[in-house]
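*Asks:* Below is the file run.pdb, which contains PDB, C-alpha atoms.
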ATOM      1  CA  MET A 135       0.000   0.000   0.000
ATOM      2  CA  GLU A 136       2.725   2.468   0.981
ATOM      3  CA  ASN A 137       4.814   1.704  -2.129
ATOM      4  CA  ASN A 138       1.816   2.389  -4.374
ATOM      5  CA  LEU A 139       1.052   5.628  -2.551
ATOM      6  CA  LEU A 140       4.646   6.836  -2.845
ATOM      7  CA  GLU A 141       4.674   6.218  -6.581
ATOM      8  CA  TRP A 142       1.312   7.961  -6.988
ATOM      9  CA  LEU A 143       2.501  10.971  -4.954
ATOM     10  CA  PHE A 144       5.439  11.476  -7.303
ATOM     11  CA  GLU A 145       3.580  10.502 -10.486
ATOM     12  CA  THR A 146       0.880  13.149  -9.929
ATOM     13  CA  ASN A 147       3.314  15.760  -8.522
ATOM     14  CA  ALA A 148       1.338  15.652  -5.283
ATOM     15  CA  LEU A 149       4.736  15.478  -3.608
ATOM     16  CA  ARG A 150       7.607  17.551  -4.940
ATOM     17  CA  ILE A 151      11.045  17.535  -3.373
ATOM     18  CA  ALA A 152      13.388  20.440  -4.011
ATOM     19  CA  PRO A 153      16.730  19.919  -5.761
ATOM     20  CA  ALA A 154      19.580  19.691  -3.255
ATOM     21  CA  ASP A 155      20.866  23.154  -4.256
ATOM     22  CA  LYS A 156      17.537  24.967  -4.519
ATOM     23  CA  PRO A 157      15.053  24.685  -1.639
ATOM     24  CA  PHE A 158      11.495  25.925  -2.090
ATOM     25  CA  TRP A 159      10.291  29.306  -0.894
ATOM     26  CA  TYR A 160       7.187  29.052   1.281
ATOM     27  CA  THR A 161       4.697  31.921   1.484
ATOM     28  CA  SER A 162       5.712  32.525   5.109
ATOM     29  CA  GLY A 163       9.202  33.557   3.962
ATOM     30  CA  LYS A 164      10.837  30.363   5.160
ATOM     31  CA  LEU A 165      12.645  27.765   3.094
ATOM     32  CA  GLY A 166      11.706  24.114   2.879
ATOM     33  CA  LEU A 167      12.160  20.943   0.886
ATOM     34  CA  PHE A 168       8.593  19.772   0.278
ATOM     35  CA  TYR A 169       5.570  20.888  -1.622
ATOM     36  CA  VAL A 170       2.634  18.632  -0.812
ATOM     37  CA  ASN A 171      -0.565  18.949  -2.841
ATOM     38  CA  THR A 172      -2.335  15.791  -1.719
ATOM     39  CA  HIS A 173      -5.443  16.663  -3.715
ATOM     40  CA  PHE A 174      -3.444  16.046  -6.928
ATOM     41  CA  LEU A 175      -4.001  12.352  -6.103
ATOM     42  CA  TYR A 176      -7.432  12.993  -7.593
ATOM     43  CA  GLY A 177      -5.527  11.959 -10.714
ATOM     44  CA  SER A 178      -3.619  15.059 -11.793
ATOM     45  CA  GLU A 179      -3.142  18.732 -11.023
ATOM     46  CA  GLU A 180      -5.527  19.647 -13.847
ATOM     47  CA  LYS A 181      -8.322  17.446 -12.491
ATOM     48  CA  ALA A 182      -7.788  18.693  -8.949
ATOM     49  CA  VAL A 183      -7.854  22.362  -9.963
ATOM     50  CA  ASN A 184     -11.023  21.771 -11.979
ATOM     51  CA  LEU A 185     -12.777  20.301  -8.926
ATOM     52  CA  LEU A 186     -11.627  23.220  -6.755
ATOM     53  CA  ASN A 187     -13.081  25.609  -9.350
ATOM     54  CA  ILE A 188     -16.419  23.793  -9.189
ATOM     55  CA  ILE A 189     -16.375  24.182  -5.402
ATOM     56  CA  ASP A 190     -15.530  27.892  -5.533
ATOM     57  CA  GLU A 191     -18.120  28.646  -8.212
ATOM     58  CA  THR A 192     -20.953  26.829  -6.440
ATOM     59  CA  LYS A 193     -20.480  26.911  -2.662
ATOM     60  CA  GLU A 194     -21.750  30.458  -2.069
ATOM     61  CA  LYS A 195     -24.775  30.044  -4.315
ATOM     62  CA  ASN A 196     -26.309  26.779  -3.225
ATOM     63  CA  PRO A 197     -24.789  24.207  -0.822
ATOM     64  CA  ALA A 198     -27.276  21.559  -1.952
ATOM     65  CA  GLU A 199     -26.278  22.013  -5.583
ATOM     66  CA  LEU A 200     -22.605  21.892  -4.550
ATOM     67  CA  ILE A 201     -22.926  18.550  -2.768
ATOM     68  CA  ASN A 202     -24.866  17.038  -5.646
ATOM     69  CA  LYS A 203     -22.288  18.271  -8.167
ATOM     70  CA  LEU A 204     -19.382  17.009  -6.102
ATOM     71  CA  ASN A 205     -20.950  13.595  -5.555
ATOM     72  CA  LYS A 206     -21.456  13.199  -9.297
ATOM     73  CA  GLU A 207     -18.023  14.525 -10.325
ATOM     74  CA  ILE A 208     -16.083  12.550  -7.720
ATOM     75  CA  LEU A 209     -17.942   9.288  -8.371
ATOM     76  CA  ASN A 210     -17.311   9.606 -12.114
ATOM     77  CA  ASN A 211     -13.622  10.224 -11.486
ATOM     78  CA  TYR A 212     -13.438   7.290  -9.065
ATOM     79  CA  ASN A 213     -14.818   5.022 -11.785
ATOM     80  CA  GLU A 214     -12.455   6.378 -14.454
ATOM     81  CA  ASP A 215      -9.126   7.254 -12.795
ATOM     82  CA  ASN A 216      -6.949   4.342 -11.666
ATOM     83  CA  ILE A 217      -4.802   6.373  -9.262
ATOM     84  CA  PHE A 218      -7.741   7.991  -7.470
ATOM     85  CA  GLN A 219      -9.653   4.709  -7.349
ATOM     86  CA  GLY A 220      -6.590   2.897  -5.989
ATOM     87  CA  LEU A 221      -6.070   5.537  -3.298
ATOM     88  CA  ILE A 222      -9.707   5.504  -2.172
ATOM     89  CA  ASN A 223      -9.738   1.698  -2.097
ATOM     90  CA  ASN A 224      -6.561   1.760   0.019
ATOM     91  CA  MET A 225      -8.151   4.231   2.457
ATOM     92  CA  ILE A 226     -11.271   2.094   2.754
ATOM     93  CA  GLU A 227      -9.157  -1.024   3.296
ATOM     94  CA  TYR A 228      -7.222   0.787   6.037
ATOM     95  CA  ILE A 229     -10.437   1.987   7.696
ATOM     96  CA  ASN A 230     -11.977  -1.493   7.669
ATOM     97  CA  GLU A 231      -8.823  -3.013   9.177
ATOM     98  CA  ASN A 232      -7.979  -0.366  11.780
ATOM     99  CA  ILE A 233     -11.129   1.525  12.739
ATOM    100  CA  SER A 234     -14.360   0.106  14.159
ATOM    101  CA  ILE A 235     -16.470   1.622  11.422
ATOM    102  CA  ASN A 236     -19.746   0.351  12.880
ATOM    103  CA  GLU A 237     -19.256   2.842  15.730
ATOM    104  CA  PHE A 238     -19.782   5.676  13.257
ATOM    105  CA  GLU A 239     -22.918   6.903  11.567
ATOM    106  CA  TYR A 240     -21.190  10.036  10.276
ATOM    107  CA  ILE A 241     -18.072  10.886   8.277
ATOM    108  CA  SER A 242     -16.985  14.534   8.096
ATOM    109  CA  GLY A 243     -14.731  16.516   5.788
ATOM    110  CA  GLY A 244     -13.652  20.151   5.893
ATOM    111  CA  GLU A 245     -13.542  22.775   3.158
ATOM    112  CA  ARG A 246     -12.129  22.190   0.541
ATOM    113  CA  ARG A 247      -9.576  19.476  -0.075
ATOM    114  CA  ASP A 248     -10.937  17.034   2.508
ATOM    115  CA  TRP A 249     -14.032  16.679   0.321
ATOM    116  CA  PHE A 250     -12.020  15.056  -2.468
ATOM    117  CA  PHE A 251     -11.739  12.002  -0.218
ATOM    118  CA  SER A 252     -14.432  12.185   2.470
ATOM    119  CA  LEU A 253     -17.496  12.347   0.200
ATOM    120  CA  ILE A 254     -16.714   9.269  -1.897
ATOM    121  CA  ILE A 255     -15.651   7.223   1.152
ATOM    122  CA  ALA A 256     -18.869   8.149   2.972
ATOM    123  CA  LYS A 257     -20.853   7.044  -0.079
ATOM    124  CA  ILE A 258     -19.037   3.716  -0.437
ATOM    125  CA  LEU A 259     -19.328   2.979   3.300
ATOM    126  CA  ASN A 260     -22.950   4.227   3.291
ATOM    127  CA  LYS A 261     -22.401   6.771   6.070
ATOM    128  CA  LYS A 262     -23.966  10.201   6.393
ATOM    129  CA  HIS A 263     -21.520  12.903   5.291
ATOM    130  CA  ILE A 264     -21.059  16.150   7.199
ATOM    131  CA  THR A 265     -19.737  18.815   4.835
ATOM    132  CA  ILE A 266     -18.056  21.456   7.013
ATOM    133  CA  PHE A 267     -17.458  24.930   5.589
ATOM    134  CA  LYS A 268     -14.790  27.358   6.781
ATOM    135  CA  ASN A 269     -17.460  29.576   8.346
ATOM    136  CA  LEU A 270     -18.432  26.516  10.473
ATOM    137  CA  SER A 271     -21.781  26.044   8.734
ATOM    138  CA  MET A 272     -22.561  22.444   7.807
ATOM    139  CA  VAL A 273     -24.797  20.361   5.591
ATOM    140  CA  ILE A 274     -25.394  16.658   6.102
ATOM    141  CA  TYR A 275     -26.038  14.268   3.232
ATOM    142  CA  ASP A 276     -27.769  10.946   3.853
ATOM    143  CA  TYR A 277     -26.738   8.603   1.031
ATOM    144  CA  ASP A 278     -29.301   6.013   2.089
ATOM    145  CA  LYS A 279     -32.220   8.418   1.665
ATOM    146  CA  GLU A 280     -30.470  10.679  -0.894
ATOM    147  CA  MET A 281     -31.436  13.597   1.300
ATOM    148  CA  LEU A 282     -29.591  16.773   2.234
ATOM    149  CA  TYR A 283     -30.305  18.735   5.378
ATOM    150  CA  LYS A 284     -28.652  21.479   7.412
ATOM    151  CA  ASP A 285     -27.123  21.468  10.898
ATOM    152  CA  ASP A 286     -28.651  18.778  13.059
ATOM    153  CA  ASN A 287     -28.337  17.498  16.619
ATOM    154  CA  LEU A 288     -26.052  14.490  16.458
ATOM    155  CA  LYS A 289     -27.076  13.503  20.005
ATOM    156  CA  GLY A 290     -23.536  12.621  21.065
ATOM    157  CA  ALA A 291     -22.726  10.563  17.963
ATOM    158  CA  LYS A 292     -19.106   9.744  17.169
ATOM    159  CA  VAL A 293     -17.702  11.132  13.916
ATOM    160  CA  LEU A 294     -14.832   9.933  11.706
ATOM    161  CA  HIS A 295     -13.078  12.885  10.058
ATOM    162  CA  ILE A 296     -11.332  12.304   6.733
ATOM    163  CA  ALA A 297      -8.750  14.803   5.490
ATOM    164  CA  ASP A 298      -6.122  15.065   2.803
ATOM    165  CA  LEU A 299      -3.260  16.178   5.031
ATOM    166  CA  ILE A 300      -2.311  16.949   8.616
ATOM    167  CA  THR A 301       0.563  19.197   9.647
ATOM    168  CA  GLU A 302      -0.028  20.900  12.997
ATOM    169  CA  ALA A 303      -3.792  20.150  13.077
ATOM    170  CA  SER A 304      -4.606  23.868  13.233
ATOM    171  CA  SER A 305      -7.698  23.447  11.026
ATOM    172  CA  TYR A 306      -9.011  20.787  13.386
ATOM    173  CA  GLU A 307      -8.642  22.999  16.457
ATOM    174  CA  ARG A 308      -9.862  26.160  14.736
ATOM    175  CA  ALA A 309     -12.785  24.752  12.771
ATOM    176  CA  TRP A 310     -13.570  21.054  12.393
ATOM    177  CA  ILE A 311     -13.671  20.037  16.086
ATOM    178  CA  PRO A 312     -15.709  23.092  17.230
ATOM    179  CA  ALA A 313     -18.125  22.693  14.296
ATOM    180  CA  ILE A 314     -18.948  19.093  15.159
ATOM    181  CA  LYS A 315     -19.216  19.949  18.870
ATOM    182  CA  SER A 316     -21.690  22.706  18.020
ATOM    183  CA  ILE A 317     -24.164  20.085  16.794
ATOM    184  CA  ASN A 318     -23.531  17.780  19.754
ATOM    185  CA  GLY A 319     -21.187  15.387  17.998
ATOM    186  CA  GLN A 320     -17.636  14.273  18.703
ATOM    187  CA  ILE A 321     -14.781  13.560  16.311
ATOM    188  CA  THR A 322     -13.081  10.534  17.857
ATOM    189  CA  GLN A 323     -11.090   9.252  14.862
ATOM    190  CA  SER A 324      -9.259  10.937  11.994
ATOM    191  CA  ILE A 325      -7.634   9.487   8.908
ATOM    192  CA  VAL A 326      -5.513  11.431   6.428
ATOM    193  CA  VAL A 327      -3.585  10.524   3.317
ATOM    194  CA  VAL A 328      -0.364  12.206   4.494
ATOM    195  CA  ASP A 329       0.846  13.138   7.977
ATOM    196  CA  ARG A 330       3.629  15.747   7.733
ATOM    197  CA  ASP A 331       4.816  14.558  11.185
ATOM    198  CA  GLN A 332       4.918  18.095  12.578
ATOM    199  CA  GLY A 333       2.928  17.642  15.768
ATOM    200  CA  GLY A 334      -0.597  17.228  14.436
ATOM    201  CA  GLU A 335      -0.999  13.708  15.802
ATOM    202  CA  GLN A 336      -0.282  14.897  19.357
ATOM    203  CA  VAL A 337      -2.690  17.828  18.988
ATOM    204  CA  LEU A 338      -5.447  15.408  17.981
ATOM    205  CA  LYS A 339      -4.576  13.112  20.877
ATOM    206  CA  ASN A 340      -4.895  16.078  23.257
ATOM    207  CA  ASN A 341      -8.404  16.565  21.856
ATOM    208  CA  GLY A 342      -9.379  12.924  22.381
ATOM    209  CA  ILE A 343      -8.971  11.964  18.713
ATOM    210  CA  GLU A 344      -7.072   8.926  17.472
ATOM    211  CA  SER A 345      -5.025   9.827  14.410
ATOM    212  CA  HIS A 346      -4.437   7.543  11.407
ATOM    213  CA  CYS A 347      -2.575   8.087   8.129
ATOM    214  CA  LEU A 348      -1.639   6.156   5.015
ATOM    215  CA  CYS A 349       1.899   7.533   5.143
ATOM    216  CA  LYS A 350       3.979   9.710   7.437
ATOM    217  CA  PHE A 351       6.844  11.928   6.308
ATOM    218  CA  ASN A 352       9.644  10.293   8.226
ATOM    219  CA  TYR A 353      13.065   8.792   7.598
ATOM    220  CA  LYS A 354      11.724   5.347   6.627
ATOM    221  CA  LEU A 355       9.428   6.808   3.969
ATOM    222  CA  PHE A 356      12.286   8.511   2.147
ATOM    223  CA  VAL A 357      14.523   5.460   2.401
ATOM    224  CA  LYS A 358      11.752   3.719   0.489
ATOM    225  CA  ALA A 359      11.461   6.643  -1.951
ATOM    226  CA  LEU A 360      15.187   6.342  -2.657
ATOM    227  CA  SER A 361      14.961   2.579  -3.210
ATOM    228  CA  LEU A 362      12.056   3.079  -5.629
ATOM    229  CA  GLY A 363      14.005   5.701  -7.590
ATOM    230  CA  CYS A 364      11.574   8.485  -6.697
ATOM    231  CA  ILE A 365      14.415  10.667  -5.371
ATOM    232  CA  ASN A 366      18.177  10.730  -5.948
ATOM    233  CA  GLU A 367      20.991  10.332  -3.411
ATOM    234  CA  GLU A 368      21.644  14.098  -3.101
ATOM    235  CA  GLN A 369      17.985  14.784  -2.349
ATOM    236  CA  TYR A 370      17.905  11.936   0.140
ATOM    237  CA  VAL A 371      20.874  13.304   2.107
ATOM    238  CA  ILE A 372      19.402  16.778   2.493
ATOM    239  CA  VAL A 373      15.904  15.400   3.209
ATOM    240  CA  LYS A 374      17.390  13.240   5.973
ATOM    241  CA  GLU A 375      18.956  16.317   7.589
ATOM    242  CA  TYR A 376      15.784  18.344   7.107
ATOM    243  CA  LEU A 377      13.592  15.739   8.816
ATOM    244  CA  LYS A 378      15.833  15.777  11.897
ATOM    245  CA  ASP A 379      15.807  19.583  12.180
ATOM    246  CA  PRO A 380      13.990  21.620   9.476
ATOM    247  CA  GLU A 381      15.131  24.983  10.816
ATOM    248  CA  GLY A 382      18.698  23.836  11.382
ATOM    249  CA  ALA A 383      18.959  22.235   7.938
ATOM    250  CA  MET A 384      17.878  25.438   6.209
ATOM    251  CA  LYS A 385      20.236  27.536   8.360
ATOM    252  CA  LYS A 386      23.059  25.216   7.364
ATOM    253  CA  PHE A 387      22.089  25.577   3.701
ATOM    254  CA  ILE A 388      22.139  29.383   3.937
ATOM    255  CA  LYS A 389      25.500  29.312   5.714
ATOM    256  CA  GLU A 390      26.928  27.169   2.901
ATOM    257  CA  ASN A 391      25.193  29.280   0.228
ATOM    258  CA  PRO A 392      25.450  32.842   1.623
ATOM    259  CA  ASP A 393      24.291  34.549  -1.587
ATOM    260  CA  PHE A 394      21.113  32.495  -1.965
ATOM    261  CA  ILE A 395      18.706  34.888  -0.221
ATOM    262  CA  ASN A 396      20.214  38.062  -1.693
ATOM    263  CA  ASN A 397      20.064  36.509  -5.154
ATOM    264  CA  ALA A 398      16.413  35.686  -4.540
ATOM    265  CA  VAL A 399      15.703  39.287  -3.505
ATOM    266  CA  ASN A 400      17.125  40.424  -6.856
ATOM    267  CA  SER A 401      15.308  37.717  -8.822
ATOM    268  CA  ASP A 402      13.283  38.661 -11.926
ATOM    269  CA  ASP A 403      10.541  36.463 -10.477
ATOM    270  CA  LYS A 404       8.441  38.948  -8.497
ATOM    271  CA  LYS A 405       6.926  36.297  -6.230
ATOM    272  CA  ILE A 406      10.343  34.901  -5.243
ATOM    273  CA  SER A 407      11.725  38.387  -4.700
ATOM    274  CA  GLU A 408       8.832  39.395  -2.429
ATOM    275  CA  THR A 409       9.072  36.155  -0.438
ATOM    276  CA  ALA A 410      12.832  36.570   0.051
ATOM    277  CA  LYS A 411      12.266  40.136   1.287
ATOM    278  CA  ARG A 412       9.668  38.750   3.719
ATOM    279  CA  CYS A 413      12.303  36.297   4.934
ATOM    280  CA  ILE A 414      14.690  39.148   5.719
ATOM    281  CA  GLU A 415      11.979  41.334   7.282
ATOM    282  CA  LYS A 416      10.980  38.517   9.649
ATOM    283  CA  GLY A 417      14.590  37.791  10.555
ATOM    284  CA  TYR A 418      14.658  34.187   9.407
ATOM    285  CA  TYR A 419      18.199  32.787   9.113
ATOM    286  CA  GLN A 420      19.388  36.333   9.897
ATOM    287  CA  GLU A 421      22.779  35.405  11.329
ATOM    288  CA  ASP A 422      23.527  33.374   8.196
ATOM    289  CA  ILE A 423      22.534  35.957   5.578
ATOM    290  CA  LYS A 424      25.461  37.606   3.864
ATOM    291  CA  LYS A 425      25.416  41.294   4.717
TER     292      LYS A 425
END
Give the structure from the file, written as C-alpha cells.
*Replies:*
Amino acid sequence: MENNLLEWLFETNALRIAPADKPFWYTSGKLGLFYVNTHFLYGSEEKAVNLLNIIDETKEKNPAELINKLNKEILNNYNEDNIFQGLINNMIEYINENISINEFEYISGGERRDWFFSLIIAKILNKKHITIFKNLSMVIYDYDKEMLYKDDNLKGAKVLHIADLITEASSYERAWIPAIKSINGQITQSIVVVDRDQGGEQVLKNNGIESHCLCKFNYKLFVKALSLGCINEEQYVIVKEYLKDPEGAMKKFIKENPDFINNAVNSDDKKISETAKRCIEKGYYQEDIKK
C-alpha cells in the first residue's frame, strides 16, 4: 500500500522535493524541501484544480447544488481514474482493518480538499456525510435516503473525520472540532492521506482523537522513496537532515550558500523576490545571511 502511494505521490506531482541546491520558498518567507498537494491524487493537477473551481463557483450560491455536483463529479472520477480509485480503495481497506467503522454513523470533511476524499468514502461505506465549511456552517447528506439537510443534533454521535493532510492540526482545532461539537457530535477518529509529522498527531490526541494516516513523512518513507528511484541520493541526504531539524537544515544551507537569499531578492521572479524580502523582514536565518 505504501509503495503504491509513494509512486502515486510522485507521479501526480502531489509530492515535490526540491533539488539539493535549490530549496522551495514558502509563502511565510521560510525555506523548505517539500511541496505537498495531496489533492493532486485525484488523478492530476488539472483534475484537482477543476474540482476546486467547481467548489468555488458553487459553494456560495447553493450548498445543496454543490454537494450534488461534487458527488457526481467525484464518483465519475473514481470510476475512471486508476490512481484515485486505488487511493480511495486503500483508504477504505485501512479503515476497515484499523477503525471500528460500525461505531460511526457520520463521516466529516472540511472545506475544501478534505471533500475530495471524504465524500466518496462516505458514499461507499454508506455513512452520512457532514460537509463542514470554513465559516463553520454544515450540511449533512444521507446517502441512504439521498437527502440533504442542514445542521442537526447528532445527540452525542461519534464522527470519523477524513482529510487530505495533517501538519499541525490547526484546522481541526480552529474549525472542524468546534463545528462538530456545536451540533452535539464528537470527532473521535481521523484518517488522512499524508501526515507531515509536525505535531498534528499529538494535537489530535490532546483533543481525544485517534489519528491515522496512510503515510507519514519520516526517515523510513524517504529510504523507500530512494529505493524506488523516486528521489536521488543528493535529495535523500538533504531530506534526511531536514527531517531531523527543518530549521537547522535550512540555516546550514544558507550558511553554505550565503548569496542564496540576496540573489532571490534580486530575482526577476516577483513572487520569489517578495518572499525573500519577507524572509529578511521577519529575521529568518538572519545570522547566516550575507550582509
*Asks:* The PyMOL selection byres ((chain A and resi 161) around 12) - which residues does that actually catch in the file I just gave you? List them as a list in words.
*Replies:*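 Checking the PyMOL selection byres ((chain A and resi 161) around 12) against this file, the residues are Phe158, Trp159, Tyr160, Ser162, Gly163, Lys164, Leu165, Gly166, Tyr169, Lys405, Ile406, Ser407, Glu408, Thr409, Ala410, Lys411, Arg412 and Cys413 of chain A.
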*Asks:* Keeping only C-alpha atoms, write the selected residues as a PDB file, in the frame of the given file.
*Replies:*
ATOM      1  CA  PHE A 158      11.495  25.925  -2.090  1.00  0.00           C
ATOM      2  CA  TRP A 159      10.291  29.306  -0.894  1.00  0.00           C
ATOM      3  CA  TYR A 160       7.187  29.052   1.281  1.00  0.00           C
ATOM      4  CA  SER A 162       5.712  32.525   5.109  1.00  0.00           C
ATOM      5  CA  GLY A 163       9.202  33.557   3.962  1.00  0.00           C
ATOM      6  CA  LYS A 164      10.837  30.363   5.160  1.00  0.00           C
ATOM      7  CA  LEU A 165      12.645  27.765   3.094  1.00  0.00           C
ATOM      8  CA  GLY A 166      11.706  24.114   2.879  1.00  0.00           C
ATOM      9  CA  TYR A 169       5.570  20.888  -1.622  1.00  0.00           C
ATOM     10  CA  LYS A 405       6.926  36.297  -6.230  1.00  0.00           C
ATOM     11  CA  ILE A 406      10.343  34.901  -5.243  1.00  0.00           C
ATOM     12  CA  SER A 407      11.725  38.387  -4.700  1.00  0.00           C
ATOM     13  CA  GLU A 408       8.832  39.395  -2.429  1.00  0.00           C
ATOM     14  CA  THR A 409       9.072  36.155  -0.438  1.00  0.00           C
ATOM     15  CA  ALA A 410      12.832  36.570   0.051  1.00  0.00           C
ATOM     16  CA  LYS A 411      12.266  40.136   1.287  1.00  0.00           C
ATOM     17  CA  ARG A 412       9.668  38.750   3.719  1.00  0.00           C
ATOM     18  CA  CYS A 413      12.303  36.297   4.934  1.00  0.00           C
TER      19      CYS A 413
END
*Asks:* On this structure, the PyMOL selection byres ((chain A and resi 138-148) around 7) would catch which residues? List them as a list in words, sorted by chain and number.
*Replies:*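 Given this file, the PyMOL selection byres ((chain A and resi 138-148) around 7) evaluates to Met135, Glu136, Asn137, Leu149, Arg150, Val170, Asn171, Thr172, Phe174, Leu175, Gly177, Ser178, Glu179, Ile217, Ala359 and Cys364 of chain A.
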*Asks:* Exactly which residues make up the result of the PyMOL selection byres ((chain A and resi 183-196) around 12) on this file, given as number ranges by chain?
*Replies:* A: 171-182, 197-208, 211, 245-250, 265-269, 271-273, 282
*Asks:* Quick one: of A:Ser242, A:Glu231, A:Phe251, A:Ser361, who's nearest to A:Gln219, counting all atoms listed in the file?
*Replies:*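 Answer, going by the shortest atom-to-atom distance: A:Phe251.
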*Asks:* Quick one, how far is atom CA of A:Ile274 from atom CA of A:Tyr212?
*Replies:*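 It comes out at 21.5 Å.
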*Asks:* Report as a list of chain:residue names all protein, DNA and RNA residues lying within 12 Å of A:Pro380, evaluated on only C-alpha atoms, omitting residues in the same chain fewer than 6 positions from it.
*Replies:*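 Non-adjacent residues within range: A:Pro157, A:Lys164, A:Leu165, A:Gly166, A:Leu167, A:Phe168, A:Asp331, A:Gln332, A:Ile372, A:Val373, A:Lys374, A:Lys386, A:Phe387, A:Tyr419.
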*Asks:* Rounded to one decimal place, report the atom CA of A:Ser305-atom CA of A:Gly319 distance in Å.
*Replies:* 17.2 Å
*Asks:* Separation of atom CA of A:His263 and atom CA of A:Tyr277, in Å?
*Replies:* 8.0 Å
*Asks:* Tell me which residues come within 10 Å of (-17.9, 22.0, 14.4), as a PDB file with C-alpha atoms, keeping the file's coordinate frame, counting all atoms listed in the file in the file's coordinates.
*Replies:*
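Done, and the output landed in part.pdb:
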ATOM      1  CA  SER A 242     -16.985  14.534   8.096  1.00  0.00           C
ATOM      2  CA  GLY A 244     -13.652  20.151   5.893  1.00  0.00           C
ATOM      3  CA  ILE A 264     -21.059  16.150   7.199  1.00  0.00           C
ATOM      4  CA  ILE A 266     -18.056  21.456   7.013  1.00  0.00           C
ATOM      5  CA  PHE A 267     -17.458  24.930   5.589  1.00  0.00           C
ATOM      6  CA  LYS A 268     -14.790  27.358   6.781  1.00  0.00           C
ATOM      7  CA  ASN A 269     -17.460  29.576   8.346  1.00  0.00           C
ATOM      8  CA  LEU A 270     -18.432  26.516  10.473  1.00  0.00           C
ATOM      9  CA  SER A 271     -21.781  26.044   8.734  1.00  0.00           C
ATOM     10  CA  MET A 272     -22.561  22.444   7.807  1.00  0.00           C
ATOM     11  CA  ASP A 285     -27.123  21.468  10.898  1.00  0.00           C
ATOM     12  CA  TYR A 306      -9.011  20.787  13.386  1.00  0.00           C
ATOM     13  CA  GLU A 307      -8.642  22.999  16.457  1.00  0.00           C
ATOM     14  CA  ARG A 308      -9.862  26.160  14.736  1.00  0.00           C
ATOM     15  CA  ALA A 309     -12.785  24.752  12.771  1.00  0.00           C
ATOM     16  CA  TRP A 310     -13.570  21.054  12.393  1.00  0.00           C
ATOM     17  CA  ILE A 311     -13.671  20.037  16.086  1.00  0.00           C
ATOM     18  CA  PRO A 312     -15.709  23.092  17.230  1.00  0.00           C
ATOM     19  CA  ALA A 313     -18.125  22.693  14.296  1.00  0.00           C
ATOM     20  CA  ILE A 314     -18.948  19.093  15.159  1.00  0.00           C
ATOM     21  CA  LYS A 315     -19.216  19.949  18.870  1.00  0.00           C
ATOM     22  CA  SER A 316     -21.690  22.706  18.020  1.00  0.00           C
ATOM     23  CA  ILE A 317     -24.164  20.085  16.794  1.00  0.00           C
ATOM     24  CA  ASN A 318     -23.531  17.780  19.754  1.00  0.00           C
ATOM     25  CA  GLY A 319     -21.187  15.387  17.998  1.00  0.00           C
ATOM     26  CA  GLN A 320     -17.636  14.273  18.703  1.00  0.00           C
ATOM     27  CA  ILE A 321     -14.781  13.560  16.311  1.00  0.00           C
TER      28      ILE A 321
END
*Asks:* Show me the residues around (-19.6, 3.0, 12.6) - criterion: an atom at most 12 Å away, only C-alpha atoms counted - as a ChimeraX atom specification.
*Replies:* /A:229-230,233-241,256,259-262,291-294,322-323
*Asks:* Out of A:Asn352, A:Tyr418, A:Met281, A:Gly243, which residue has the shortest atom-to-atom distance to A:Gly382 when counting all atoms listed in the file?
*Replies:*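 Looking at the shortest contact to A:Gly382, the residue is A:Tyr418.
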*Asks:* Give me, as a list in words, all polymer residues having an atom no more than 9 Å from A:Val328, counting all atoms listed in the file and skipping those fewer than 4 positions away in the same chain.
*Replies:*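 Non-adjacent residues within range: Val170, Thr172, Ala297, Asp298, Leu299, Ile300, Thr301, Cys347, Leu348, Cys349, Lys350 and Phe351 of chain A.
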*Asks:* With C-alpha atoms retained, write the just-selected residues as a PDB file, keeping the file's coordinate frame.
*Replies:*
ATOM      1  CA  VAL A 170       2.634  18.632  -0.812  1.00  0.00           C
ATOM      2  CA  THR A 172      -2.335  15.791  -1.719  1.00  0.00           C
ATOM      3  CA  ALA A 297      -8.750  14.803   5.490  1.00  0.00           C
ATOM      4  CA  ASP A 298      -6.122  15.065   2.803  1.00  0.00           C
ATOM      5  CA  LEU A 299      -3.260  16.178   5.031  1.00  0.00           C
ATOM      6  CA  ILE A 300      -2.311  16.949   8.616  1.00  0.00           C
ATOM      7  CA  THR A 301       0.563  19.197   9.647  1.00  0.00           C
ATOM      8  CA  CYS A 347      -2.575   8.087   8.129  1.00  0.00           C
ATOM      9  CA  LEU A 348      -1.639   6.156   5.015  1.00  0.00           C
ATOM     10  CA  CYS A 349       1.899   7.533   5.143  1.00  0.00           C
ATOM     11  CA  LYS A 350       3.979   9.710   7.437  1.00  0.00           C
ATOM     12  CA  PHE A 351       6.844  11.928   6.308  1.00  0.00           C
TER      13      PHE A 351
END
*Asks:* I'd like the neighbourhood of A:Val337 as an NGL selection string, where a residue qualifies if any of its atoms comes within 8 Å (using all atoms listed in the file), though same-chain residues fewer than 3 positions away should be ignored.
*Replies:* :A and (302-303 or 333-334 or 340-341)
